[in-house]
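> Contents of upload-v5.cif (mmCIF, C-alpha atoms):
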data_my_file
loop_
_atom_site.label_atom_id
_atom_site.label_comp_id
_atom_site.auth_asym_id
_atom_site.auth_seq_id
_atom_site.Cartn_x
_atom_site.Cartn_y
_atom_site.Cartn_z
CA MET I 14 3.40 -19.70 14.61
CA ARG I 15 3.65 -19.63 10.81
CA VAL I 16 2.69 -16.32 9.17
CA LEU I 17 2.31 -15.35 5.53
CA GLY I 18 3.24 -11.70 5.04
CA ILE I 19 1.88 -10.00 1.94
CA ASP I 20 3.15 -6.68 0.57
CA PRO I 21 0.30 -6.00 -1.89
CA GLY I 22 0.88 -4.50 -5.29
CA LEU I 23 -0.56 -4.88 -8.74
CA THR I 24 2.81 -5.13 -10.51
CA ARG I 25 4.76 -6.80 -7.70
CA CYS I 26 3.07 -8.53 -4.77
CA GLY I 27 5.62 -9.60 -2.15
CA MET I 28 5.02 -12.90 -0.37
CA GLY I 29 6.99 -14.14 2.63
CA VAL I 30 6.44 -16.96 5.10
CA VAL I 31 8.15 -16.83 8.49
CA GLU I 32 7.89 -19.30 11.34
CA GLY I 33 8.64 -18.76 15.01
CA ASP I 34 7.46 -17.39 18.32
CA VAL I 35 8.06 -14.30 20.41
CA GLY I 36 11.39 -14.58 22.21
CA ARG I 37 12.67 -17.35 19.93
CA PRO I 38 14.68 -17.18 16.72
CA LEU I 39 12.52 -16.78 13.62
CA ARG I 40 12.98 -18.88 10.50
CA LEU I 41 12.46 -18.05 6.84
CA VAL I 42 10.22 -20.64 5.19
CA ASP I 43 9.93 -19.08 1.72
CA VAL I 44 9.90 -15.73 -0.04
CA ASN I 45 8.94 -14.63 -3.55
CA VAL I 46 7.16 -11.98 -5.57
CA ILE I 47 4.08 -12.45 -7.73
CA ARG I 48 4.58 -10.30 -10.82
CA THR I 49 1.95 -9.17 -13.29
CA SER I 50 2.41 -7.34 -16.56
CA SER I 51 1.05 -3.83 -16.93
CA GLN I 52 0.10 -4.91 -20.46
CA LEU I 53 -2.69 -7.11 -19.04
CA ALA I 54 -6.11 -5.81 -18.04
CA VAL I 55 -6.51 -5.19 -14.29
CA PRO I 56 -9.03 -8.04 -13.78
CA GLU I 57 -6.57 -10.53 -15.36
CA ARG I 58 -3.78 -9.22 -13.14
CA LEU I 59 -5.97 -9.65 -10.05
CA VAL I 60 -6.78 -13.24 -11.05
CA SER I 61 -3.03 -13.94 -11.35
CA ILE I 62 -2.45 -12.49 -7.90
CA GLU I 63 -5.33 -14.51 -6.44
CA ARG I 64 -4.02 -17.75 -7.95
CA GLY I 65 -0.53 -17.02 -6.64
CA ILE I 66 -1.71 -16.25 -3.11
CA ASP I 67 -4.01 -19.28 -3.07
CA ALA I 68 -1.12 -21.51 -4.15
CA TRP I 69 1.11 -20.10 -1.40
CA ILE I 70 -1.55 -20.60 1.27
CA GLU I 71 -2.10 -24.16 0.06
CA GLU I 72 1.63 -24.95 -0.05
CA HIS I 73 2.78 -23.24 3.16
CA ARG I 74 -0.31 -23.59 5.40
CA PRO I 75 0.10 -20.37 7.43
CA GLU I 76 -1.73 -19.92 10.71
CA ALA I 77 -2.25 -16.21 10.02
CA VAL I 78 -1.89 -13.70 7.19
CA ALA I 79 -0.41 -10.22 7.68
CA VAL I 80 -1.12 -7.65 4.96
CA GLU I 81 0.27 -4.15 4.66
CA ARG I 82 -2.47 -1.62 5.42
CA VAL I 83 -3.03 0.60 2.40
CA PHE I 84 -2.45 4.28 3.00
CA ALA I 85 -2.96 7.28 0.74
CA ARG I 86 -0.05 8.19 -1.46
CA SER I 87 0.12 10.98 -3.99
CA ASP I 88 -0.36 8.66 -7.00
CA VAL I 89 -4.00 7.56 -7.04
CA SER I 90 -3.39 4.78 -9.59
CA THR I 91 -0.75 3.22 -7.29
CA VAL I 92 -3.13 3.38 -4.32
CA MET I 93 -5.91 1.77 -6.35
CA GLY I 94 -3.74 -1.11 -7.52
CA THR I 95 -2.35 -1.66 -4.03
CA ALA I 96 -5.85 -1.58 -2.52
CA GLN I 97 -7.15 -4.05 -5.12
CA ALA I 98 -4.27 -6.47 -4.50
CA SER I 99 -4.77 -6.06 -0.74
CA GLY I 100 -8.44 -6.95 -1.09
CA ILE I 101 -7.56 -10.07 -3.07
CA ALA I 102 -5.08 -11.10 -0.34
CA MET I 103 -7.72 -10.67 2.37
CA VAL I 104 -10.33 -12.63 0.38
CA CYS I 105 -7.90 -15.52 -0.15
CA ALA I 106 -7.16 -15.71 3.58
CA ALA I 107 -10.78 -15.20 4.68
CA ARG I 108 -12.00 -17.91 2.31
CA ARG I 109 -9.88 -20.36 4.35
CA GLY I 110 -10.87 -18.93 7.72
CA LEU I 111 -7.38 -17.63 8.44
CA PRO I 112 -6.90 -14.69 10.83
CA ILE I 113 -5.97 -11.54 8.93
CA ALA I 114 -3.99 -8.66 10.40
CA LEU I 115 -3.31 -5.30 8.79
CA HIS I 116 -0.10 -3.51 9.74
CA THR I 117 0.86 0.00 8.66
CA PRO I 118 4.20 0.61 6.97
CA SER I 119 5.44 2.69 9.92
CA GLU I 120 4.39 -0.04 12.38
CA VAL I 121 6.36 -2.63 10.39
CA LYS I 122 9.41 -0.36 10.10
CA ALA I 123 9.34 0.33 13.85
CA ALA I 124 8.94 -3.37 14.70
CA VAL I 125 11.89 -4.59 12.64
CA SER I 126 14.25 -1.60 12.84
CA GLY I 127 13.17 0.40 15.87
CA ASN I 128 12.50 3.38 13.60
CA GLY I 129 9.06 3.99 12.07
CA ARG I 130 10.68 6.14 9.39
CA ALA I 131 13.33 3.61 8.31
CA ASP I 132 14.05 3.39 4.61
CA LYS I 133 13.76 0.24 2.48
CA ALA I 134 17.47 -0.55 2.79
CA GLN I 135 17.30 -0.43 6.61
CA VAL I 136 14.24 -2.68 6.66
CA GLY I 137 15.91 -5.13 4.28
CA MET I 138 19.08 -5.15 6.36
CA MET I 139 17.16 -5.85 9.57
CA VAL I 140 15.07 -8.61 7.94
CA THR I 141 18.36 -10.18 6.81
CA ARG I 142 19.75 -9.98 10.34
CA ILE I 143 16.56 -11.15 12.14
CA LEU I 144 16.17 -14.18 9.86
CA ARG I 145 19.93 -14.85 9.76
CA LEU I 146 20.03 -14.77 5.95
CA ASP I 147 23.17 -14.71 3.82
CA ALA I 148 21.81 -11.99 1.54
CA MET I 149 19.11 -9.33 1.64
CA PRO I 150 15.87 -10.49 -0.01
CA LYS I 151 15.30 -8.80 -3.37
CA PRO I 152 13.32 -6.96 -4.55
CA ALA I 153 12.21 -4.72 -1.68
CA ASP I 154 8.67 -6.13 -1.96
CA ALA I 155 10.01 -9.53 -0.86
CA ALA I 156 11.83 -8.04 2.14
CA ASP I 157 8.72 -6.02 3.03
CA ALA I 158 6.57 -9.17 2.98
CA LEU I 159 8.99 -10.86 5.38
CA ALA I 160 8.99 -7.76 7.60
CA LEU I 161 5.18 -7.96 7.75
CA ALA I 162 5.32 -11.60 8.84
CA ILE I 163 7.98 -10.80 11.47
CA THR I 164 5.91 -7.89 12.78
CA HIS I 165 2.85 -10.07 13.09
CA ILE I 166 4.68 -12.79 14.98
CA TRP I 167 6.19 -10.25 17.37
CA ARG I 168 3.16 -7.97 17.79
CA GLY I 169 0.17 -9.98 16.61
CA GLY I 170 1.04 -13.00 18.70
CA ALA I 171 1.30 -10.84 21.80
CA GLN I 172 -2.02 -9.14 20.98
CA ALA I 173 -3.71 -12.53 20.56
CA ARG I 174 -2.52 -13.58 24.03
CA ILE I 175 -3.81 -10.32 25.54
CA ASP I 176 -7.19 -10.78 23.83
CA ALA I 177 -7.40 -14.39 25.07
CA ALA I 178 -6.59 -13.28 28.65
CA VAL I 179 -9.23 -10.53 28.49
CA ALA I 180 -11.80 -13.00 27.17
CA ALA I 181 -10.93 -15.49 29.94
CA ALA I 182 -11.36 -12.75 32.53
CA GLY I 183 -14.86 -12.07 31.28
CA GLY I 184 -14.01 -9.10 29.08
CA ARG I 185 -12.61 -6.90 31.88
CA ARG I 186 -9.48 -4.88 31.15
#
Can the structure from this file be put into structure tokens for me?

Amino acid sequence: MRVLGIDPGLTRCGMGVVEGDVGRPLRLVDVNVIRTSSQLAVPERLVSIERGIDAWIEEHRPEAVAVERVFARSDVSTVMGTAQASGIAMVCAARRGLPIALHTPSEVKAAVSGNGRADKAQVGMMVTRILRLDAMPKPADAADALALAITHIWRGGAQARIDAAVAAAGGRR
């Protein structure tokens, strides 16, 4: 399974592609951050993010897209920008008919580190270890995008198999 993880943000939008299956070693395909200038108008920034995500989907051909679920923070402007970038990510994936999964930050932290309250350094360290990288991906948005992809492979893949089994059994649980 090849998954594009997206850590949405208006200034920095983390993008990470991971390939692998549950129970097998995972492999880093690519990682980067789409950056936009705060000097640009928000619609221009969103177009830049859309173009970047579209290019990544075209280049890497993921089978699924995992996006961080937006949650309320104290800074409303940060939440708005994150939500707008998240919406762009979902539109890009939906336009191509790709499955989209939303994972909360605590779910991602728990999946990669075993601790839903892990800090960014712990998540980065575990992403480095899981993907057998020489160095921690920088900035944190890049590591977070990879963590989203890892989480989806480990949890989303299992959920898809459960859903398929339920459907094959006629919807009984």
> Between atom CA of I:Lys133 and atom CA of I:Ala54, measure the distance and give it in Å to one decimal.
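Computed distance, atom CA of I:Lys133 to atom CA of I:Ala54, equals 29.2 Å.
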> Ranking I:Ser99, I:Asn45, I:Thr141, I:Thr91 by minimum distance to I:Ala79 and counting all atoms listed in the file, which one comes first?
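Among the listed residues, I:Ser99 lies closest to I:Ala79.
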> Evaluate the PyMOL selection byres ((chain I and resi 28) around 9) and record the selected residues as a VMD selection string, following the chain and residue labels used in the document.
chain I and resid 17 to 21 26 to 27 29 to 30 43 to 47 66 69 154 to 159
> Please determine, counting all atoms listed in the file, which residue among I:Arg40, I:Arg108, I:Arg48, I:Arg15 has the shortest atom-to-atom distance to I:His73.
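Using all atoms listed in the file, the shortest distance to I:His73 belongs to I:Arg15.
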> Using only C-alpha atoms, which of the listed residues (I:Pro118, I:Gly183, I:Pro56, I:Gly110) sits closest to I:Ala160?
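Looking only at the distances to I:Ala160, the closest residue turns out to be I:Pro118.
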> Let me know the residues the PyMOL selection byres ((chain I and resi 111) around 9) catches in the file above, as a PyMOL selection string.
chain I and resi 75-78+105-110+112-113
> For I:Glu32, which residue among I:Met14, I:Ala153, I:Val83, I:Ala134 is the nearest when counting all atoms listed in the file?
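Among the listed residues, the smallest separation from I:Glu32 belongs to I:Met14.
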> Could you pull the residues within 12 Å of I:Ser50, counting all atoms listed in the file, minus those fewer than 6 positions along the same chain, as a ChimeraX atom specification?
/I:22-26,56-59,61-62
> Env of I:Leu146: 10 Å cut, atoms = only C-alpha atoms, seq-sep filter 6 positions within chain, self excluded. Answer as an NGL selection string.
:I and (40-41 or 138 or 140)
> Find the spatial neighbours of I:Trp167, counting all atoms listed in the file, within a cut-off of 9 Å - ignore same-chain residues fewer than 2 positions away - and output them as a PyMOL selection string.
chain I and resi 34-36+124+162-165+169-171
> Selection from above, C-alpha atoms, as a PDB file, keeping the file's coordinate frame, can you write it?

ATOM      1  CA  ASP I  34       7.460 -17.390  18.320  1.00  0.00           C
ATOM      2  CA  VAL I  35       8.060 -14.300  20.410  1.00  0.00           C
ATOM      3  CA  GLY I  36      11.390 -14.580  22.210  1.00  0.00           C
ATOM      4  CA  ALA I 124       8.940  -3.370  14.700  1.00  0.00           C
ATOM      5  CA  ALA I 162       5.320 -11.600   8.840  1.00  0.00           C
ATOM      6  CA  ILE I 163       7.980 -10.800  11.470  1.00  0.00           C
ATOM      7  CA  THR I 164       5.910  -7.890  12.780  1.00  0.00           C
ATOM      8  CA  HIS I 165       2.850 -10.070  13.090  1.00  0.00           C
ATOM      9  CA  GLY I 169       0.170  -9.980  16.610  1.00  0.00           C
ATOM     10  CA  GLY I 170       1.040 -13.000  18.700  1.00  0.00           C
ATOM     11  CA  ALA I 171       1.300 -10.840  21.800  1.00  0.00           C
TER      12      ALA I 171
END
> I need the residue nearest I:Ala114 from this list: I:Arg145, I:Arg82, I:Arg74, I:Arg64. Use all atoms listed in the file for the distance.
I:Arg82
> Just checking: using only C-alpha atoms, which residue out of I:Ile101, I:Ser119, I:Ser126, I:Asp67 ends up closest to I:Ile143?
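Checking each of I:Ile101, I:Ser119, I:Ser126, I:Asp67 against I:Ile143, counting only C-alpha atoms, the winner is I:Ser126.
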> Enter the distance from atom CA of I:Asn128 to atom CA of I:Arg37, in Å, rounded to one decimal.
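Atom CA of I:Asn128 sits 21.7 Å away from atom CA of I:Arg37.
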> I'd like the interatomic distance between atom CA of I:Ile166 and atom CA of I:Ala181, to a tenth of an Å.
21.8 Å
> Can you rebuild stretch 35-59 of chain I with N, CA, C and O atoms and give it as a PDB file, keeping the file's coordinate frame?

ATOM      1  N   VAL I  35       7.471 -15.415  19.694  1.00  0.00           N
ATOM      2  CA  VAL I  35       8.060 -14.300  20.410  1.00  0.00           C
ATOM      3  C   VAL I  35       9.146 -14.824  21.343  1.00  0.00           C
ATOM      4  O   VAL I  35       8.944 -15.816  22.048  1.00  0.00           O
ATOM      5  N   GLY I  36      10.306 -14.189  21.319  1.00  0.00           N
ATOM      6  CA  GLY I  36      11.390 -14.580  22.210  1.00  0.00           C
ATOM      7  C   GLY I  36      12.237 -15.736  21.705  1.00  0.00           C
ATOM      8  O   GLY I  36      13.163 -16.155  22.374  1.00  0.00           O
ATOM      9  N   ARG I  37      11.906 -16.250  20.534  1.00  0.00           N
ATOM     10  CA  ARG I  37      12.670 -17.350  19.930  1.00  0.00           C
ATOM     11  C   ARG I  37      13.142 -16.926  18.553  1.00  0.00           C
ATOM     12  O   ARG I  37      12.516 -16.086  17.912  1.00  0.00           O
ATOM     13  N   PRO I  38      14.219 -17.527  18.075  1.00  0.00           N
ATOM     14  CA  PRO I  38      14.680 -17.180  16.720  1.00  0.00           C
ATOM     15  C   PRO I  38      13.609 -17.489  15.673  1.00  0.00           C
ATOM     16  O   PRO I  38      12.909 -18.504  15.764  1.00  0.00           O
ATOM     17  N   LEU I  39      13.483 -16.593  14.706  1.00  0.00           N
ATOM     18  CA  LEU I  39      12.520 -16.780  13.620  1.00  0.00           C
ATOM     19  C   LEU I  39      13.221 -17.459  12.457  1.00  0.00           C
ATOM     20  O   LEU I  39      14.431 -17.343  12.288  1.00  0.00           O
ATOM     21  N   ARG I  40      12.424 -18.139  11.625  1.00  0.00           N
ATOM     22  CA  ARG I  40      12.980 -18.880  10.500  1.00  0.00           C
ATOM     23  C   ARG I  40      12.249 -18.544   9.223  1.00  0.00           C
ATOM     24  O   ARG I  40      11.015 -18.554   9.175  1.00  0.00           O
ATOM     25  N   LEU I  41      13.019 -18.254   8.167  1.00  0.00           N
ATOM     26  CA  LEU I  41      12.460 -18.050   6.840  1.00  0.00           C
ATOM     27  C   LEU I  41      11.992 -19.398   6.296  1.00  0.00           C
ATOM     28  O   LEU I  41      12.745 -20.365   6.303  1.00  0.00           O
ATOM     29  N   VAL I  42      10.747 -19.433   5.838  1.00  0.00           N
ATOM     30  CA  VAL I  42      10.220 -20.640   5.190  1.00  0.00           C
ATOM     31  C   VAL I  42      10.335 -20.475   3.680  1.00  0.00           C
ATOM     32  O   VAL I  42      10.862 -21.333   2.989  1.00  0.00           O
ATOM     33  N   ASP I  43       9.864 -19.334   3.163  1.00  0.00           N
ATOM     34  CA  ASP I  43       9.930 -19.080   1.720  1.00  0.00           C
ATOM     35  C   ASP I  43       9.650 -17.602   1.473  1.00  0.00           C
ATOM     36  O   ASP I  43       8.996 -16.942   2.274  1.00  0.00           O
ATOM     37  N   VAL I  44      10.138 -17.115   0.346  1.00  0.00           N
ATOM     38  CA  VAL I  44       9.900 -15.730  -0.040  1.00  0.00           C
ATOM     39  C   VAL I  44       9.902 -15.651  -1.559  1.00  0.00           C
ATOM     40  O   VAL I  44      10.655 -16.367  -2.227  1.00  0.00           O
ATOM     41  N   ASN I  45       9.031 -14.801  -2.104  1.00  0.00           N
ATOM     42  CA  ASN I  45       8.940 -14.630  -3.550  1.00  0.00           C
ATOM     43  C   ASN I  45       8.102 -13.399  -3.848  1.00  0.00           C
ATOM     44  O   ASN I  45       7.572 -12.770  -2.932  1.00  0.00           O
ATOM     45  N   VAL I  46       7.984 -13.097  -5.127  1.00  0.00           N
ATOM     46  CA  VAL I  46       7.160 -11.980  -5.570  1.00  0.00           C
ATOM     47  C   VAL I  46       6.290 -12.460  -6.725  1.00  0.00           C
ATOM     48  O   VAL I  46       6.785 -13.089  -7.655  1.00  0.00           O
ATOM     49  N   ILE I  47       4.995 -12.187  -6.623  1.00  0.00           N
ATOM     50  CA  ILE I  47       4.080 -12.450  -7.730  1.00  0.00           C
ATOM     51  C   ILE I  47       4.149 -11.215  -8.624  1.00  0.00           C
ATOM     52  O   ILE I  47       3.912 -10.100  -8.156  1.00  0.00           O
ATOM     53  N   ARG I  48       4.472 -11.418  -9.887  1.00  0.00           N
ATOM     54  CA  ARG I  48       4.580 -10.300 -10.820  1.00  0.00           C
ATOM     55  C   ARG I  48       3.473 -10.381 -11.865  1.00  0.00           C
ATOM     56  O   ARG I  48       3.137 -11.474 -12.317  1.00  0.00           O
ATOM     57  N   THR I  49       2.918  -9.227 -12.208  1.00  0.00           N
ATOM     58  CA  THR I  49       1.950  -9.170 -13.290  1.00  0.00           C
ATOM     59  C   THR I  49       2.370  -8.080 -14.263  1.00  0.00           C
ATOM     60  O   THR I  49       2.975  -7.075 -13.871  1.00  0.00           O
ATOM     61  N   SER I  50       2.036  -8.285 -15.513  1.00  0.00           N
ATOM     62  CA  SER I  50       2.410  -7.340 -16.560  1.00  0.00           C
ATOM     63  C   SER I  50       1.409  -6.192 -16.643  1.00  0.00           C
ATOM     64  O   SER I  50       0.189  -6.417 -16.632  1.00  0.00           O
ATOM     65  N   SER I  51       1.920  -4.990 -16.766  1.00  0.00           N
ATOM     66  CA  SER I  51       1.050  -3.830 -16.930  1.00  0.00           C
ATOM     67  C   SER I  51       0.337  -3.849 -18.279  1.00  0.00           C
ATOM     68  O   SER I  51      -0.578  -3.068 -18.513  1.00  0.00           O
ATOM     69  N   GLN I  52       0.747  -4.768 -19.157  1.00  0.00           N
ATOM     70  CA  GLN I  52       0.100  -4.910 -20.460  1.00  0.00           C
ATOM     71  C   GLN I  52      -1.240  -5.643 -20.351  1.00  0.00           C
ATOM     72  O   GLN I  52      -2.064  -5.568 -21.254  1.00  0.00           O
ATOM     73  N   LEU I  53      -1.440  -6.371 -19.248  1.00  0.00           N
ATOM     74  CA  LEU I  53      -2.690  -7.110 -19.040  1.00  0.00           C
ATOM     75  C   LEU I  53      -3.742  -6.189 -18.434  1.00  0.00           C
ATOM     76  O   LEU I  53      -3.433  -5.220 -17.745  1.00  0.00           O
ATOM     77  N   ALA I  54      -5.004  -6.544 -18.650  1.00  0.00           N
ATOM     78  CA  ALA I  54      -6.110  -5.810 -18.040  1.00  0.00           C
ATOM     79  C   ALA I  54      -6.086  -6.063 -16.527  1.00  0.00           C
ATOM     80  O   ALA I  54      -5.671  -7.141 -16.073  1.00  0.00           O
ATOM     81  N   VAL I  55      -6.536  -5.089 -15.752  1.00  0.00           N
ATOM     82  CA  VAL I  55      -6.510  -5.190 -14.290  1.00  0.00           C
ATOM     83  C   VAL I  55      -7.211  -6.454 -13.788  1.00  0.00           C
ATOM     84  O   VAL I  55      -6.658  -7.157 -12.925  1.00  0.00           O
ATOM     85  N   PRO I  56      -8.403  -6.811 -14.292  1.00  0.00           N
ATOM     86  CA  PRO I  56      -9.030  -8.040 -13.780  1.00  0.00           C
ATOM     87  C   PRO I  56      -8.155  -9.292 -13.988  1.00  0.00           C
ATOM     88  O   PRO I  56      -8.092 -10.149 -13.101  1.00  0.00           O
ATOM     89  N   GLU I  57      -7.458  -9.388 -15.118  1.00  0.00           N
ATOM     90  CA  GLU I  57      -6.570 -10.530 -15.360  1.00  0.00           C
ATOM     91  C   GLU I  57      -5.397 -10.518 -14.375  1.00  0.00           C
ATOM     92  O   GLU I  57      -4.973 -11.577 -13.899  1.00  0.00           O
ATOM     93  N   ARG I  58      -4.887  -9.333 -14.091  1.00  0.00           N
ATOM     94  CA  ARG I  58      -3.780  -9.220 -13.140  1.00  0.00           C
ATOM     95  C   ARG I  58      -4.230  -9.661 -11.749  1.00  0.00           C
ATOM     96  O   ARG I  58      -3.503 -10.355 -11.034  1.00  0.00           O
ATOM     97  N   LEU I  59      -5.445  -9.268 -11.369  1.00  0.00           N
ATOM     98  CA  LEU I  59      -5.970  -9.650 -10.050  1.00  0.00           C
ATOM     99  C   LEU I  59      -6.183 -11.156  -9.959  1.00  0.00           C
ATOM    100  O   LEU I  59      -5.922 -11.761  -8.909  1.00  0.00           O
TER     101      LEU I  59
END
